[in-house]
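Undergrad: File name input-v2.txt; file contents compact mmCIF, C-alpha atoms; full text below.
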# COMPACT_ATOMS: atom_id res chain seq x y z
CA MET C 101 293.86 40.64 210.98
CA SER C 102 297.48 41.06 209.86
CA SER C 103 297.46 37.41 208.72
CA LEU C 104 295.21 38.62 205.90
CA LEU C 105 298.21 40.40 204.48
CA THR C 106 300.33 37.25 204.47
CA ASP C 107 297.59 34.81 203.50
CA HIS C 108 296.46 36.65 200.35
CA ASP C 109 298.08 38.36 197.40
CA ALA C 110 296.86 41.74 196.15
CA LEU C 111 294.10 40.30 193.97
CA GLY C 112 292.96 38.07 196.84
CA LEU C 113 292.75 41.07 199.17
CA ALA C 114 290.77 43.04 196.59
CA GLU C 115 288.38 40.10 196.22
CA LEU C 116 287.79 40.12 200.00
CA VAL C 117 286.93 43.82 199.73
CA ARG C 118 284.70 43.32 196.67
CA THR C 119 282.76 40.54 198.42
CA ARG C 120 282.52 42.68 201.56
CA GLN C 121 284.34 40.17 203.74
CA VAL C 122 286.62 43.01 204.86
CA HIS C 123 286.44 46.77 204.64
CA PRO C 124 289.37 48.59 202.98
CA ARG C 125 289.95 50.39 206.29
CA GLU C 126 290.66 46.99 207.91
CA LEU C 127 293.32 46.21 205.30
CA VAL C 128 294.92 49.62 205.72
CA GLN C 129 294.92 49.27 209.51
CA ALA C 130 296.46 45.77 209.30
CA ALA C 131 299.19 47.07 206.99
CA ILE C 132 299.88 50.03 209.31
CA GLU C 133 300.24 47.66 212.26
CA ARG C 134 302.66 45.47 210.30
CA ILE C 135 304.74 48.47 209.19
CA GLU C 136 304.89 49.83 212.73
CA ALA C 137 305.96 46.44 214.09
CA LEU C 138 308.74 45.89 211.52
CA ASN C 139 309.92 49.32 210.45
CA PRO C 140 311.93 50.22 213.57
CA LYS C 141 314.29 47.37 212.72
CA LEU C 142 314.11 47.62 208.92
CA ASN C 143 314.02 51.39 208.29
CA ALA C 144 312.17 50.68 205.06
CA VAL C 145 309.28 53.17 205.28
CA ILE C 146 310.64 56.71 205.44
CA HIS C 147 307.42 58.70 205.02
CA LYS C 148 304.04 57.66 206.40
CA ARG C 149 300.66 58.92 205.24
CA TYR C 150 298.48 56.77 207.48
CA GLU C 151 295.73 59.30 208.22
CA LYS C 152 295.27 60.09 204.55
CA ALA C 153 295.23 56.37 203.70
CA LEU C 154 292.58 55.66 206.33
CA ALA C 155 290.45 58.50 204.95
CA GLU C 156 290.92 57.25 201.37
CA ALA C 157 289.83 53.76 202.48
CA GLU C 158 286.34 55.14 203.05
CA ASN C 159 285.86 55.94 199.35
CA VAL C 160 287.35 52.98 197.50
CA PRO C 161 285.40 51.85 194.42
CA LEU C 162 284.54 48.25 195.33
CA ASP C 163 284.61 47.11 191.70
CA ALA C 164 288.22 48.27 191.15
CA PRO C 165 290.78 45.53 190.41
CA LEU C 166 292.89 46.46 193.47
CA ALA C 167 290.01 47.70 195.64
CA GLY C 168 291.41 48.70 199.03
CA VAL C 169 294.81 47.04 198.63
CA PRO C 170 297.41 48.90 200.71
CA VAL C 171 300.66 49.70 198.87
CA LEU C 172 303.84 51.71 199.31
CA ALA C 173 305.59 53.95 196.79
CA LYS C 174 309.35 54.12 196.28
CA ASP C 175 311.14 57.40 196.95
CA VAL C 176 312.12 57.65 193.30
CA HIS C 177 309.83 58.49 190.35
CA GLN C 178 306.69 57.32 192.17
CA GLU C 179 305.49 60.76 193.22
CA ILE C 180 302.35 61.19 195.29
CA GLN C 181 301.01 64.72 195.01
CA GLY C 182 301.70 66.75 198.15
CA GLU C 183 304.13 64.20 199.60
CA PRO C 184 307.94 64.30 199.80
CA MET C 185 309.98 62.89 196.92
CA THR C 186 313.66 63.03 197.79
CA PHE C 187 315.21 60.33 195.58
CA GLY C 188 317.03 59.26 198.76
CA SER C 189 319.12 62.45 198.65
CA LYS C 190 319.59 65.25 201.16
CA SER C 191 319.77 67.66 198.23
CA TYR C 192 316.03 67.03 197.66
CA ALA C 193 315.08 67.04 201.35
CA SER C 194 312.47 69.78 200.90
CA HIS C 195 311.06 68.63 197.55
CA ILE C 196 307.30 67.98 197.52
CA ALA C 197 305.66 66.28 194.55
CA SER C 198 303.42 68.63 192.59
CA GLU C 199 301.40 65.83 191.02
CA ASP C 200 300.94 62.07 191.06
CA SER C 201 303.27 60.12 188.78
CA HIS C 202 301.76 57.99 186.03
CA PHE C 203 302.49 54.88 188.13
CA VAL C 204 300.70 56.30 191.18
CA ARG C 205 297.72 57.51 189.10
CA GLN C 206 297.28 54.05 187.59
CA LEU C 207 297.42 52.27 190.95
CA LYS C 208 295.01 54.76 192.52
CA ARG C 209 292.65 54.30 189.56
CA ALA C 210 292.86 50.55 190.21
CA GLY C 211 291.76 51.12 193.82
CA ALA C 212 295.09 50.82 195.65
CA ILE C 213 295.71 52.94 198.74
CA PHE C 214 299.18 54.42 199.35
CA LEU C 215 300.34 54.16 202.97
CA GLY C 216 303.67 55.86 202.51
CA ILE C 217 307.02 55.99 200.77
CA THR C 218 309.93 53.57 201.06
CA ASN C 219 313.66 54.11 201.32
CA VAL C 220 315.86 53.88 198.21
CA PRO C 221 319.55 54.16 197.40
CA GLU C 222 320.45 57.77 196.63
CA PHE C 223 319.06 58.46 193.14
CA ALA C 224 318.54 54.65 192.87
CA LEU C 225 322.11 54.32 191.66
CA MET C 226 323.24 51.37 193.77
CA ALA C 227 322.03 47.86 194.45
CA VAL C 228 321.93 48.42 198.22
CA THR C 229 319.68 50.80 200.12
CA GLU C 230 322.09 52.79 202.24
CA PRO C 231 321.41 56.47 201.57
CA ARG C 232 322.96 59.05 203.90
CA HIS C 233 319.70 60.97 204.02
CA TYR C 234 317.56 58.27 205.69
CA GLY C 235 320.12 55.69 206.72
CA PRO C 236 320.32 52.07 205.59
CA THR C 237 317.45 49.65 205.28
CA ARG C 238 318.44 46.59 207.28
CA GLY C 239 317.17 43.36 208.75
CA GLU C 240 314.95 40.53 207.75
CA VAL C 241 311.21 40.21 207.93
CA PRO C 242 310.31 37.60 210.57
So, in terms of structure tokens, how does the structure I just supplied come out?

TA:
Amino acid sequence: MSSLLTDHDALGLAELVRTRQVHPRELVQAAIERIEALNPKLNAVIHKRYEKALAEAENVPLDAPLAGVPVLAKDVHQEIQGEPMTFGSKSYASHIASEDSHFVRQLKRAGAIFLGITNVPEFALMAVTEPRHYGPTRGEVP
């Protein structure tokens, strides 16, 4: 199933959902499996919302342009209501987003499902992702 994620782009995955060749839950589960396999080495995903994503997969509008496509938000200006948004900084360690950002609202409206939040340089000020708060993102995707 995880080959679906590498064999298709986002629009291709949404088309598979629209034509009922796969259920959004299958795409979310495949993405979760891929994250869990790679993230211990990469340290790219710093906050996971898998249970919420699986629940949201049950109510995806099949006619949406990104119907059921699993995505990740960055830990800077891509707030998901009720989830942490730290900007890669310890000084924001307890900050919880009070609402979805415009970016997140638009992707949700398009049918995308957020699986979690990815690591960023502190306040996105550098070209390398090595924040003290979460540690560096490292490695290569096999």

Undergrad: Using all atoms listed in the file, which residue out of C:Thr119, C:Ser103, C:Asn219, C:Thr229 lies closest to Ala167 in chain C?

TA: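 Nearest candidate to Ala167 in chain C out of C:Thr119, C:Ser103, C:Asn219, C:Thr229: C:Thr119.
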
Undergrad: Could you tell me which of C:Thr218, C:Ser194, C:Asn139, C:Thr237 comes closest to Asp175 in chain C if we count only C-alpha atoms?

TA: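 When distances to Asp175 in chain C are compared using only C-alpha atoms, the smallest one comes from C:Thr218.
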
Undergrad: Between C:Asp163, C:Glu133, C:Asp200, C:Glu240, which is the closest to Glu179 in chain C once you count all atoms listed in the file?

TA: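 The shortest atom-to-atom distance to Glu179 in chain C comes from C:Asp200.
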
Undergrad: Write out as a list of chain:residue names the residues lying within 6 Å of Leu166 in chain C, counting only C-alpha atoms and excluding same-chain residues fewer than 4 positions away.

TA: C:Ala114, C:Ala210, C:Gly211, C:Ala212

Undergrad: Taking (296.8, 50.6, 208.6) in the file's coordinates, which residues come within 9 Å, counting only C-alpha atoms, written as a PyMOL selection string?

TA: chain C and resi 125-135+150-151+153-154+170+215

Undergrad: One decimal, in Å: what's the spacing between CA of Ala137 in chain C and CA of Tyr234 in chain C?

TA: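 CA of Tyr234 in chain C lies at a distance of 18.6 Å from CA of Ala137 in chain C.
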
Undergrad: Between C:Ala144, C:Gln121, C:Pro221, C:Ile213, which one has atoms that come closest to Val171 in chain C, using all atoms listed in the file?

TA: C:Ile213

Undergrad: What lies within 12 Å of Phe223 in chain C using only C-alpha atoms, ignoring chain neighbours under 6 positions off, as an NGL selection string?

TA: :C and (174-177 or 185-192 or 229-233)
